[in-house]
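Peer 1: As input, take structure.txt (compact mmCIF, C-alpha atoms):
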```txt
# COMPACT_ATOMS: atom_id res chain seq x y z
CA MET X 79 110.71 112.94 202.57
CA ASN X 80 107.56 114.82 201.69
CA TRP X 81 106.43 114.34 198.12
CA SER X 82 104.26 116.77 196.18
CA PRO X 83 103.38 117.22 192.51
CA SER X 84 105.15 120.56 192.56
CA SER X 85 108.39 119.13 193.89
CA ALA X 86 108.21 116.29 191.36
CA ILE X 87 107.88 118.81 188.51
CA ASP X 88 110.76 120.83 189.98
CA ALA X 89 112.97 117.75 189.97
CA SER X 90 111.89 116.62 186.51
CA LEU X 91 112.50 120.00 184.92
CA LYS X 92 115.90 120.35 186.57
CA HIS X 93 116.98 116.90 185.39
CA TRP X 94 115.68 117.66 181.88
CA ALA X 95 117.52 121.00 181.75
CA ASP X 96 120.76 119.43 182.98
CA ARG X 97 120.54 116.70 180.34
CA LEU X 98 119.62 119.14 177.57
CA ARG X 99 122.58 121.41 178.26
CA THR X 100 124.99 118.57 177.57
CA HIS X 101 124.14 118.54 173.85
CA LEU X 102 122.09 121.67 173.19
CA ASP X 103 123.13 125.23 174.00
CA VAL X 104 120.15 127.54 173.45
CA PRO X 105 119.45 131.00 174.91
CA VAL X 106 116.30 129.88 176.70
CA LEU X 107 115.17 130.47 180.29
CA VAL X 108 112.56 128.06 181.68
CA ARG X 109 110.58 129.26 184.67
CA TRP X 110 108.25 127.26 186.88
CA LYS X 111 105.95 128.99 189.35
CA GLY X 112 107.74 132.29 188.77
CA GLY X 113 111.06 131.02 190.11
CA THR X 114 114.51 132.19 189.10
CA GLY X 115 114.49 129.74 186.21
CA LEU X 116 116.62 127.12 184.53
CA LYS X 117 119.05 128.08 181.79
CA LEU X 118 119.27 125.85 178.73
CA GLY X 119 122.53 127.39 177.57
CA GLN X 120 125.30 129.86 178.23
CA PHE X 121 123.98 133.40 177.86
CA ASP X 122 123.58 136.73 179.63
CA GLN X 123 120.07 137.50 178.42
CA PRO X 124 117.62 134.88 177.11
CA ARG X 125 116.14 135.25 173.66
CA VAL X 126 113.15 133.17 174.71
CA THR X 127 111.58 132.69 178.14
CA LEU X 128 109.25 129.74 178.73
CA ASP X 129 106.89 130.02 181.70
CA VAL X 130 105.53 126.62 182.68
CA GLN X 131 102.01 127.06 184.03
CA ASP X 132 101.17 123.52 185.11
CA ALA X 133 102.04 119.84 184.81
CA LYS X 134 100.80 119.67 181.20
CA GLY X 135 103.20 122.44 180.26
CA ALA X 136 106.03 120.59 181.96
CA SER X 137 105.09 117.37 180.19
CA ALA X 138 105.28 119.13 176.82
CA LEU X 139 108.83 120.25 177.57
CA LEU X 140 109.93 116.86 178.86
CA THR X 141 108.79 115.14 175.63
CA PRO X 142 109.01 118.00 173.15
CA SER X 143 107.59 117.96 169.63
CA LEU X 144 106.17 120.79 167.59
CA ASP X 145 102.76 119.30 168.24
CA SER X 146 103.13 118.99 172.02
CA LEU X 147 104.81 122.37 172.40
CA GLY X 148 102.27 124.03 170.12
CA GLU X 149 99.36 122.45 171.95
CA ALA X 150 100.76 123.50 175.34
CA TYR X 151 101.13 127.09 174.12
CA VAL X 152 97.70 127.25 172.49
CA GLU X 153 95.95 125.75 175.50
CA GLY X 154 97.75 128.05 177.96
CA HIS X 155 99.94 125.45 179.67
CA LEU X 156 103.05 127.31 178.46
CA ASP X 157 103.56 131.04 178.05
CA VAL X 158 106.36 132.29 175.82
CA THR X 159 108.21 135.60 175.72
CA GLY X 160 110.47 136.58 172.83
CA SER X 161 110.29 137.41 169.14
CA VAL X 162 108.11 135.00 167.20
CA GLN X 163 111.05 134.16 164.89
CA ASP X 164 113.21 133.20 167.88
CA ILE X 165 110.36 131.23 169.40
CA ILE X 166 109.87 129.04 166.31
CA ASP X 167 113.63 128.48 165.93
CA ILE X 168 113.89 127.36 169.56
CA ALA X 169 110.80 125.17 169.24
CA HIS X 170 112.42 123.30 166.35
CA GLN X 171 115.63 122.82 168.30
CA LEU X 172 113.75 121.50 171.33
CA ALA X 173 111.61 119.24 169.14
CA ALA X 174 114.70 117.87 167.40
CA SER X 175 116.23 117.13 170.81
CA GLY X 176 113.22 114.99 171.69
CA ALA X 177 112.87 113.29 168.31
CA SER X 178 114.56 110.08 169.44
CA SER X 179 111.70 109.36 171.81
CA SER X 180 108.92 110.14 169.33
CA THR X 181 107.02 107.79 167.06
CA PRO X 182 109.08 106.81 163.98
CA GLY X 183 108.15 108.83 160.95
CA TRP X 184 107.11 105.86 158.79
CA ALA X 185 104.85 104.44 161.52
CA GLY X 186 103.28 107.83 162.12
CA ARG X 187 102.59 108.20 158.40
CA ILE X 188 100.87 104.83 158.23
CA VAL X 189 98.60 105.66 161.17
CA ARG X 190 97.89 109.08 159.69
CA ARG X 191 96.97 107.66 156.29
CA VAL X 192 94.60 105.08 157.86
CA VAL X 193 92.78 107.79 159.77
CA GLN X 194 92.56 110.16 156.82
CA THR X 195 90.99 107.66 154.44
CA GLN X 196 87.73 108.35 156.29
CA HIS X 197 87.76 112.12 155.67
CA HIS X 198 86.48 114.50 153.00
CA SER X 199 82.78 113.94 152.64
CA LYS X 200 80.96 117.06 151.49
CA THR X 201 79.71 117.66 155.04
CA GLU X 202 83.17 117.21 156.57
CA ASP X 203 84.82 119.46 153.98
CA ARG X 204 82.21 122.15 154.54
CA GLY X 205 82.82 121.96 158.29
CA ALA X 206 86.60 122.14 157.87
CA ILE X 207 86.35 125.18 155.61
CA HIS X 208 83.96 126.87 158.04
CA TYR X 209 86.37 126.25 160.93
CA HIS X 210 89.33 127.87 159.18
CA TYR X 211 87.92 130.59 156.96
CA ASP X 212 84.91 131.76 158.95
CA VAL X 213 86.91 133.14 161.87
CA SER X 214 85.84 136.63 160.80
CA ASN X 215 86.49 138.79 157.77
CA ALA X 216 87.70 141.59 160.05
CA PHE X 217 90.37 139.27 161.53
CA TYR X 218 91.82 138.32 158.15
CA ALA X 219 91.61 141.89 156.85
CA GLN X 220 94.03 143.03 159.55
CA TRP X 221 97.02 141.03 158.28
CA LEU X 222 96.27 140.17 154.65
CA ASP X 223 96.79 142.58 151.76
CA PRO X 224 93.94 144.98 150.85
CA ALA X 225 92.61 142.53 148.23
CA MET X 226 92.51 139.82 150.96
CA LEU X 227 94.37 137.17 149.01
CA TYR X 228 95.07 134.27 151.36
CA SER X 229 97.58 132.35 149.22
CA CYS X 230 101.17 132.57 148.05
CA ALA X 231 102.11 135.89 146.46
CA TYR X 232 104.49 136.24 143.50
CA PHE X 233 107.55 138.38 144.18
CA GLU X 234 108.84 138.78 140.66
CA ASN X 235 111.86 140.84 141.74
CA GLY X 236 111.87 140.17 145.47
CA ASP X 237 111.45 143.77 146.58
CA GLU X 238 107.70 144.18 146.01
CA THR X 239 105.24 145.04 148.74
CA LEU X 240 102.83 142.27 149.64
CA ALA X 241 99.95 144.04 147.90
CA VAL X 242 101.92 144.37 144.65
CA ALA X 243 103.17 140.78 144.86
CA GLN X 244 99.63 139.48 145.36
CA GLU X 245 98.40 141.37 142.31
CA LYS X 246 101.34 139.97 140.35
CA LYS X 247 100.37 136.47 141.51
CA ILE X 248 96.91 136.82 139.99
CA ASP X 249 98.34 138.29 136.80
CA HIS X 250 100.90 135.46 136.62
CA ILE X 251 98.12 132.85 136.86
CA LEU X 252 95.85 134.54 134.33
CA THR X 253 98.74 135.09 131.93
CA LYS X 254 99.65 131.41 132.12
CA LEU X 255 96.03 130.54 131.40
CA ARG X 256 96.09 132.92 128.40
CA ILE X 257 92.61 134.08 129.24
CA GLU X 258 90.80 136.20 126.67
CA PRO X 259 87.84 138.60 126.86
CA GLY X 260 84.51 136.83 127.07
CA GLN X 261 85.93 133.45 128.07
CA ARG X 262 84.29 131.68 131.02
CA LEU X 263 86.57 131.22 134.06
CA LEU X 264 85.85 129.01 137.06
CA ASP X 265 87.82 129.81 140.22
CA ILE X 266 87.61 126.87 142.62
CA GLY X 267 87.99 128.11 146.18
CA CYS X 268 87.62 131.77 145.25
CA GLY X 269 88.24 133.19 148.73
CA TRP X 270 87.09 136.79 149.03
CA GLY X 271 86.94 137.17 145.24
CA GLY X 272 90.31 138.74 144.45
CA LEU X 273 91.11 136.62 141.40
CA VAL X 274 87.71 136.78 139.70
CA LEU X 275 87.50 140.52 140.29
CA ARG X 276 90.81 141.11 138.51
CA ALA X 277 90.02 138.58 135.77
CA ALA X 278 86.81 140.43 134.99
CA GLN X 279 88.24 143.93 135.32
CA LYS X 280 91.56 143.50 133.48
CA TRP X 281 90.87 140.61 131.10
CA GLY X 282 87.14 140.97 130.50
CA ALA X 283 86.44 137.38 131.54
CA GLN X 284 83.05 135.97 132.55
CA CYS X 285 83.74 134.47 135.98
CA VAL X 286 82.24 132.04 138.45
CA GLY X 287 83.85 131.83 141.88
CA ILE X 288 82.90 129.06 144.30
CA THR X 289 83.57 128.77 148.03
CA LEU X 290 82.26 126.79 151.00
CA SER X 291 82.84 129.68 153.41
CA GLN X 292 79.76 131.75 154.21
CA ASN X 293 81.92 134.70 155.29
CA GLN X 294 83.90 134.61 152.06
CA PHE X 295 80.74 134.28 149.98
CA ASP X 296 79.12 137.26 151.68
CA LEU X 297 82.11 139.59 151.31
CA ALA X 298 83.00 138.45 147.78
CA THR X 299 79.40 139.04 146.69
CA GLU X 300 79.49 142.49 148.29
CA ARG X 301 82.78 143.35 146.56
CA VAL X 302 81.46 142.25 143.16
CA LYS X 303 78.43 144.47 143.64
CA ALA X 304 80.55 147.40 144.78
CA ALA X 305 82.70 147.04 141.64
CA GLY X 306 79.60 146.98 139.44
CA LEU X 307 80.57 143.60 137.97
CA GLN X 308 77.43 141.57 138.64
CA ASP X 309 77.09 141.02 134.89
CA ARG X 310 80.55 139.43 134.69
CA ILE X 311 80.99 137.65 138.04
CA GLU X 312 78.87 135.11 139.88
CA ILE X 313 79.87 134.02 143.39
CA ARG X 314 78.44 130.70 144.52
CA LEU X 315 78.33 128.96 147.89
CA GLN X 316 79.00 125.60 146.29
CA ASP X 317 81.09 122.43 146.53
CA TYR X 318 83.33 121.78 143.53
CA ARG X 319 81.65 118.39 143.10
CA GLU X 320 78.33 120.13 142.45
CA VAL X 321 79.49 122.33 139.54
CA LYS X 322 77.98 121.22 136.22
CA ASP X 323 78.86 124.11 133.87
CA SER X 324 81.52 124.13 131.17
CA PHE X 325 84.43 126.59 131.31
CA ASP X 326 87.19 127.79 129.01
CA ARG X 327 89.59 128.32 131.91
CA ILE X 328 89.76 126.92 135.46
CA SER X 329 91.92 128.17 138.32
CA SER X 330 92.35 126.34 141.60
CA VAL X 331 94.37 128.34 144.13
CA GLY X 332 95.03 126.88 147.58
CA MET X 333 92.29 124.32 147.14
CA CYS X 334 93.91 120.93 146.51
CA GLU X 335 95.28 120.89 150.09
CA HIS X 336 91.69 120.44 151.28
CA VAL X 337 90.72 117.73 148.79
CA GLY X 338 92.42 114.75 150.43
CA LEU X 339 94.97 112.39 148.90
CA LYS X 340 92.43 109.72 148.04
CA ASN X 341 90.25 112.28 146.24
CA LEU X 342 92.90 113.95 144.08
CA GLU X 343 92.30 111.81 141.00
CA SER X 344 88.55 112.44 141.12
CA TYR X 345 89.21 116.14 141.77
CA PHE X 346 91.29 116.43 138.62
CA ARG X 347 88.75 114.34 136.73
CA ILE X 348 86.09 116.90 137.66
CA ILE X 349 88.33 119.69 136.38
CA HIS X 350 88.78 117.68 133.18
CA ASP X 351 85.03 117.26 132.80
CA ARG X 352 84.35 120.95 133.42
CA LEU X 353 86.89 122.11 130.81
CA ALA X 354 85.56 123.04 127.40
CA PRO X 355 87.44 121.70 124.33
CA GLY X 356 90.73 123.57 124.07
CA GLY X 357 90.44 124.78 127.65
CA TRP X 358 93.26 125.29 130.14
CA ALA X 359 93.47 124.87 133.92
CA LEU X 360 95.99 125.84 136.59
CA ASN X 361 96.41 124.18 139.97
CA HIS X 362 98.25 126.27 142.60
CA GLY X 363 98.77 124.35 145.82
CA ILE X 364 101.02 123.55 148.76
CA THR X 365 102.90 120.27 148.48
CA SER X 366 104.82 118.00 150.79
CA THR X 367 108.53 117.60 150.15
CA ASP X 368 108.29 114.01 151.39
CA ALA X 369 108.03 111.71 148.38
CA ASP X 370 105.68 109.46 150.39
CA ASN X 371 103.29 112.35 151.13
CA GLY X 372 104.40 112.43 154.75
CA GLU X 373 103.87 115.29 157.13
CA THR X 374 106.45 117.84 158.23
CA SER X 375 109.02 116.85 160.84
CA HIS X 376 108.62 116.71 164.60
CA GLY X 377 104.81 116.83 164.67
CA GLY X 378 104.29 120.14 162.92
CA GLY X 379 101.74 118.66 160.54
CA THR X 380 99.81 117.08 163.40
CA PHE X 381 99.51 120.47 165.10
CA ILE X 382 98.26 122.13 161.90
CA GLU X 383 95.67 119.42 161.26
CA ARG X 384 94.37 119.63 164.82
CA TYR X 385 94.23 123.37 165.20
CA VAL X 386 94.41 125.02 161.76
CA PHE X 387 93.35 122.89 158.78
CA PRO X 388 91.17 119.95 159.87
CA HIS X 389 91.51 117.08 157.40
CA GLY X 390 94.20 118.89 155.40
CA GLU X 391 96.62 116.66 153.47
CA LEU X 392 99.66 117.71 151.45
CA PRO X 393 100.58 115.65 148.37
CA HIS X 394 104.08 115.49 146.95
CA ILE X 395 104.42 117.10 143.52
CA SER X 396 104.84 113.62 142.03
CA THR X 397 101.44 112.69 143.45
CA ILE X 398 99.92 115.81 141.94
CA MET X 399 101.36 114.91 138.56
CA SER X 400 100.32 111.26 138.61
CA THR X 401 96.77 111.87 139.86
CA LEU X 402 96.37 114.78 137.45
CA GLN X 403 97.33 112.49 134.58
CA ARG X 404 95.02 109.72 135.80
CA GLY X 405 92.29 112.33 136.01
CA GLY X 406 92.58 112.85 132.26
CA LEU X 407 94.74 115.98 132.25
CA GLU X 408 98.09 116.67 130.62
CA PRO X 409 100.57 118.65 132.75
CA VAL X 410 102.18 121.26 130.51
CA ASP X 411 104.22 123.37 132.93
CA ALA X 412 105.16 123.27 136.63
CA GLU X 413 106.74 126.09 138.63
CA SER X 414 107.95 126.02 142.24
CA LEU X 415 107.11 129.09 144.33
CA ARG X 416 108.57 127.86 147.63
CA ARG X 417 110.68 130.97 148.17
CA HIS X 418 107.69 133.15 147.35
CA TYR X 419 105.51 131.52 150.00
CA ALA X 420 108.22 131.85 152.66
CA ARG X 421 108.30 135.58 151.93
CA THR X 422 104.48 135.81 151.86
CA LEU X 423 104.23 134.18 155.27
CA GLN X 424 106.96 136.45 156.62
CA CYS X 425 104.87 139.46 155.54
CA TRP X 426 101.75 138.02 157.13
CA SER X 427 103.53 137.10 160.36
CA GLU X 428 105.20 140.49 160.71
CA THR X 429 101.89 142.28 160.25
CA PHE X 430 100.19 139.85 162.64
CA GLU X 431 102.80 140.63 165.30
CA ALA X 432 102.57 144.38 164.73
CA LYS X 433 98.77 144.28 165.13
CA GLY X 434 98.75 141.63 167.85
CA GLU X 435 96.96 143.64 170.52
CA HIS X 436 94.17 144.69 168.18
CA LEU X 437 93.80 141.14 166.84
CA LYS X 438 93.23 139.94 170.40
CA THR X 439 90.06 142.05 170.45
CA LEU X 440 88.73 140.24 167.37
CA VAL X 441 89.28 136.61 168.44
CA ASP X 442 89.77 134.77 171.72
CA ASP X 443 93.24 134.18 173.11
CA LYS X 444 93.36 130.55 171.93
CA LYS X 445 92.55 131.45 168.33
CA TRP X 446 95.10 134.27 168.41
CA ARG X 447 97.81 131.90 169.65
CA ILE X 448 96.93 129.31 166.99
CA TRP X 449 97.25 131.72 164.09
CA ARG X 450 100.36 133.35 165.53
CA MET X 451 102.24 130.03 165.66
CA TYR X 452 100.72 128.75 162.43
CA LEU X 453 101.96 131.69 160.32
CA VAL X 454 105.53 131.71 161.61
CA GLY X 455 105.67 127.92 161.71
CA CYS X 456 104.68 127.66 158.04
CA GLN X 457 107.22 130.34 157.15
CA TRP X 458 109.92 128.22 158.81
CA ALA X 459 108.73 125.10 156.97
CA PHE X 460 108.88 126.77 153.55
CA GLU X 461 112.28 128.28 154.27
CA HIS X 462 113.73 124.90 155.32
CA ASP X 463 112.29 122.76 152.49
CA GLU X 464 109.74 121.01 154.71
CA ILE X 465 106.92 122.00 152.36
CA SER X 466 106.72 123.63 148.96
CA LEU X 467 104.23 125.09 146.49
CA PHE X 468 103.76 124.40 142.81
CA GLN X 469 101.71 125.94 140.04
CA VAL X 470 100.85 123.29 137.46
CA LEU X 471 99.40 124.39 134.13
CA CYS X 472 97.42 121.68 132.39
CA ARG X 473 94.78 120.84 129.80
CA ARG X 474 92.79 117.82 128.66
CA ALA X 475 95.12 114.97 127.69
CA GLY X 476 95.26 113.50 124.21
CA GLN X 477 95.36 116.71 122.17
CA SER X 478 97.67 117.48 119.26
CA ALA X 479 101.17 118.70 120.02
CA ALA X 480 100.60 121.48 117.47
CA SER X 481 98.29 123.22 119.95
CA LEU X 482 101.06 123.56 122.55
CA PRO X 483 103.20 126.73 122.81
CA TRP X 484 106.81 126.45 121.62
CA SER X 485 108.24 128.13 124.73
CA ARG X 486 107.35 129.64 128.09
CA ARG X 487 107.72 133.16 126.71
CA PHE X 488 103.96 133.72 126.79
CA MET X 489 104.11 133.56 130.61
CA TYR X 490 106.46 136.55 130.81
CA PRO X 491 105.15 139.22 128.44
CA VAL X 492 107.20 142.36 128.01
CA SER X 493 105.50 145.16 129.92
```
Written as structure tokens, how would this file's structure read?

Peer 2:
Amino acid sequence: MNWSPSSAIDASLKHWADRLRTHLDVPVLVRWKGGTGLKLGQFDQPRVTLDVQDAKGASALLTPSLDSLGEAYVEGHLDVTGSVQDIIDIAHQLAASGASSSTPGWAGRIVRRVVQTQHHSKTEDRGAIHYHYDVSNAFYAQWLDPAMLYSCAYFENGDETLAVAQEKKIDHILTKLRIEPGQRLLDIGCGWGGLVLRAAQKWGAQCVGITLSQNQFDLATERVKAAGLQDRIEIRLQDYREVKDSFDRISSVGMCEHVGLKNLESYFRIIHDRLAPGGWALNHGITSTDADNGETSHGGGTFIERYVFPHGELPHISTIMSTLQRGGLEPVDAESLRRHYARTLQCWSETFEAKGEHLKTLVDDKKWRIWRMYLVGCQWAFEHDEISLFQVLCRRAGQSAASLPWSRRFMYPVS
């Protein structure tokens, strides 16, 4: 019998498909070398077609995880046809089918924690931020809202457009902070300046926004100038550990995910130290739904760390609360916005798909594939309680109870 790599892959894929059909019926067609294909279920027309390009693509299917499948797609070893929502659903089903042969979750978490204790120097954090946020402003502008807010929106009624929901998110944060005209606001991780612009324009605040992204700094500075708010807003290219000023209010939106688990206490201690007496702060960040700060199931977190957010770590809300308290802050209110982020990501993903061909002219094919899978994958994770998001309102610990509000009514003013 003549043996060849191609025939070995043929045999392996056929055996895998036969085995998979015994316990998983999915409308997927797998093709190798343009052949007629192998059906993974009973159907007339496939919802998803997987074209295996080489042995690495076949290997990803034979031992499927979200990480291996995602890597094979990003690196061009697998091509996929179908709606992005169907693709991510099928990927999860395939990954679940291969879970029994993957590394146990607890062992994977231990290895992951050991590796990550070495991360998050200022140089490493600057490099990680540059990798993610300095793709190009034009790329992000295509699928974000006009204000370019790259964080969870707030759909107060559920029927808002993304642009309206993003504006409501900023207003929700600033209302919680009870910011007043003339107060100094620090926005840690200010992005393209959306929050400080609105805080200055609507509330009359004196704002400082800091970012490690050169692209964000350049555009935010340009937008402040265009709005004629140079006297109220300062944008800095600065690490949060280098800020020495005192502020009446501090907002941190989508920042704590980059800090690192071992640095959370010191991060909140810095916020404590930067708060003026009587000041308030709000932390808005993605959290793990694993009480042990574990990653999402089936290798999804590994894929995101490798390709999307280098050195990113998601704490459980209990970890946020405990490190916040150890950092000298008193948590006053916590609100889950998990449903809101699922909807935000759906909006982003739908726009990304609609503008896919144009986006391919702005970034290379690998980067386009990464962000395509990242957006829909995160949407799936928020919808299925794999990850969440909390806003935590806090202040310096040890103050009199008389200075606390009686109710949450101040967060929902009558319009």

Peer 1: For range 134-144 of chain X, list every protein, DNA or RNA residue within 6 Å, evaluated using all atoms listed in the file, and leave out those in the same chain fewer than 4 positions away; present the list as a list in words.

Peer 2: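 With the cut-off at 6 Å, the set is Val130, Gly148, Ala150, His155, Leu156, Ala173, Gly176, His376, Gly377 and Gly378 of chain X.
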
Peer 1: Those same residues, written as a PDB file, keeping the file's coordinate frame with C-alpha atoms?

Peer 2:
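Saved the output as part26.pdb:
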```pdb
ATOM      1  CA  VAL X 130     105.530 126.620 182.680  1.00  0.00           C
ATOM      2  CA  GLY X 148     102.270 124.030 170.120  1.00  0.00           C
ATOM      3  CA  ALA X 150     100.760 123.500 175.340  1.00  0.00           C
ATOM      4  CA  HIS X 155      99.940 125.450 179.670  1.00  0.00           C
ATOM      5  CA  LEU X 156     103.050 127.310 178.460  1.00  0.00           C
ATOM      6  CA  ALA X 173     111.610 119.240 169.140  1.00  0.00           C
ATOM      7  CA  GLY X 176     113.220 114.990 171.690  1.00  0.00           C
ATOM      8  CA  HIS X 376     108.620 116.710 164.600  1.00  0.00           C
ATOM      9  CA  GLY X 377     104.810 116.830 164.670  1.00  0.00           C
ATOM     10  CA  GLY X 378     104.290 120.140 162.920  1.00  0.00           C
TER      11      GLY X 378
END
```

Peer 1: Show me the residues around (86.7, 123.9, 129.5) - criterion: an atom at most 9 Å away, all atoms listed in the file counted - as a list in words.

Peer 2: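 Looking at atoms near the point gives Arg262, Leu263, Asp323, Ser324, Phe325, Asp326, Arg327, Ile328, Ile349, His350, Asp351, Arg352, Leu353, Ala354, Pro355, Gly356, Gly357, Trp358, Ala359, Arg473 and Arg474 of chain X.
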
Peer 1: Between X:Ala174, X:Arg301, X:Glu335, X:Lys444, which has the minimum distance to Gly154 in chain X (counting only C-alpha atoms)?

Peer 2: X:Lys444

Peer 1: Counting only C-alpha atoms, which of X:Leu360, X:Ala298, X:Arg256, X:Ala432 gets nearest to Tyr490 in chain X?

Peer 2: X:Arg256

Peer 1: Give the answer as one residue: which of X:Leu402, X:Leu392, X:Asp296, X:Trp221 has the shortest atom-to-atom distance to Leu437 in chain X, using all atoms listed in the file?

Peer 2: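 Once distances to Leu437 in chain X are computed over all atoms listed in the file, the minimum belongs to X:Trp221.
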
Peer 1: With all atoms listed in the file as the counted atoms, please give the residues lying no more than 7 Å from range 414-417 of chain X, apart from itself and same-chain residues fewer than 3 positions off, as an mmCIF file with C-alpha atoms, keeping the file's coordinate frame.

Peer 2:
```cif
data_model
loop_
_atom_site.group_PDB
_atom_site.id
_atom_site.type_symbol
_atom_site.label_atom_id
_atom_site.label_comp_id
_atom_site.auth_asym_id
_atom_site.auth_seq_id
_atom_site.Cartn_x
_atom_site.Cartn_y
_atom_site.Cartn_z
ATOM 1 C CA ALA X 420 108.220 131.850 152.660
ATOM 2 C CA ARG X 421 108.300 135.580 151.930
ATOM 3 C CA PHE X 460 108.880 126.770 153.550
ATOM 4 C CA GLU X 461 112.280 128.280 154.270
ATOM 5 C CA SER X 466 106.720 123.630 148.960
ATOM 6 C CA LEU X 467 104.230 125.090 146.490
ATOM 7 C CA PHE X 468 103.760 124.400 142.810
ATOM 8 C CA GLN X 469 101.710 125.940 140.040
#
```

Peer 1: Determine, counting all atoms listed in the file, every residue of protein, DNA or RNA that lies within 7 Å of (85.3, 138.4, 140.6) in the file coordinates, then give the result as a compact mmCIF listing (two decimals) with C-alpha atoms, in the frame of the given file.

Peer 2:
```
# COMPACT_ATOMS: atom_id res chain seq x y z
CA GLY X 271 86.94 137.17 145.24
CA GLY X 272 90.31 138.74 144.45
CA LEU X 273 91.11 136.62 141.40
CA VAL X 274 87.71 136.78 139.70
CA LEU X 275 87.50 140.52 140.29
CA ARG X 276 90.81 141.11 138.51
CA ALA X 277 90.02 138.58 135.77
CA ALA X 278 86.81 140.43 134.99
CA CYS X 285 83.74 134.47 135.98
CA GLY X 287 83.85 131.83 141.88
CA VAL X 302 81.46 142.25 143.16
CA ILE X 311 80.99 137.65 138.04
```

Peer 1: CA of Leu264 in chain X and CA of Leu453 in chain X, how far apart in Å?

Peer 2: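 These two atoms are separated by 28.4 Å.
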
Peer 1: Using all atoms listed in the file, determine which residues lie at most 12 Å from Gln424 in chain X, disregarding the query and same-chain residues fewer than 5 positions distant; provide the list as a list in words.

Peer 2: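 That gives Val162, Gln163, Trp221, Leu222, Cys230, Ala231, Thr239, Leu240, Arg417, His418, Tyr419, Thr429, Phe430, Glu431, Arg450, Tyr452, Leu453, Val454, Gly455, Cys456, Gln457, Trp458, Ala459, Phe460 and Glu461 of chain X.
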
Peer 1: Please identify all polymer residues within 10 Å of Lys92 in chain X, counting all atoms listed in the file, omitting same-chain residues fewer than 6 positions from it, and present them as a VMD selection string.

Peer 2: chain X and resid 86 98 108 115 to 117

Peer 1: Of the candidates X:Val410, X:Asn371, X:Lys111, X:Gln261, which one gets nearest to Ala479 in chain X if we count all atoms listed in the file?

Peer 2: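 Closest candidate: X:Val410.
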
Peer 1: Work out how far apart CA of Val331 in chain X and CA of Gly363 in chain X are and give it in Å to one decimal.

Peer 2: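 Between CA of Val331 in chain X and CA of Gly363 in chain X the gap is 6.2 Å.
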
Peer 1: If you count all atoms listed in the file, which residues fall within 8 Å of Glu391 in chain X, apart from same-chain ones fewer than 4 positions away, as a compact mmCIF listing (two decimals) with C-alpha atoms, in the coordinates of the input?

Peer 2:
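Okay, this is what ended up in part_31.txt:
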```txt
# COMPACT_ATOMS: atom_id res chain seq x y z
CA GLU X 335 95.28 120.89 150.09
CA HIS X 336 91.69 120.44 151.28
CA VAL X 337 90.72 117.73 148.79
CA GLY X 338 92.42 114.75 150.43
CA LEU X 339 94.97 112.39 148.90
```

Peer 1: Between X:Asp103, X:Met226, X:His362, X:Ser85, which is the closest to His250 in chain X once you count all atoms listed in the file?

Peer 2: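 Going through X:Asp103, X:Met226, X:His362, X:Ser85 one by one, the smallest distance to His250 in chain X is for X:His362.
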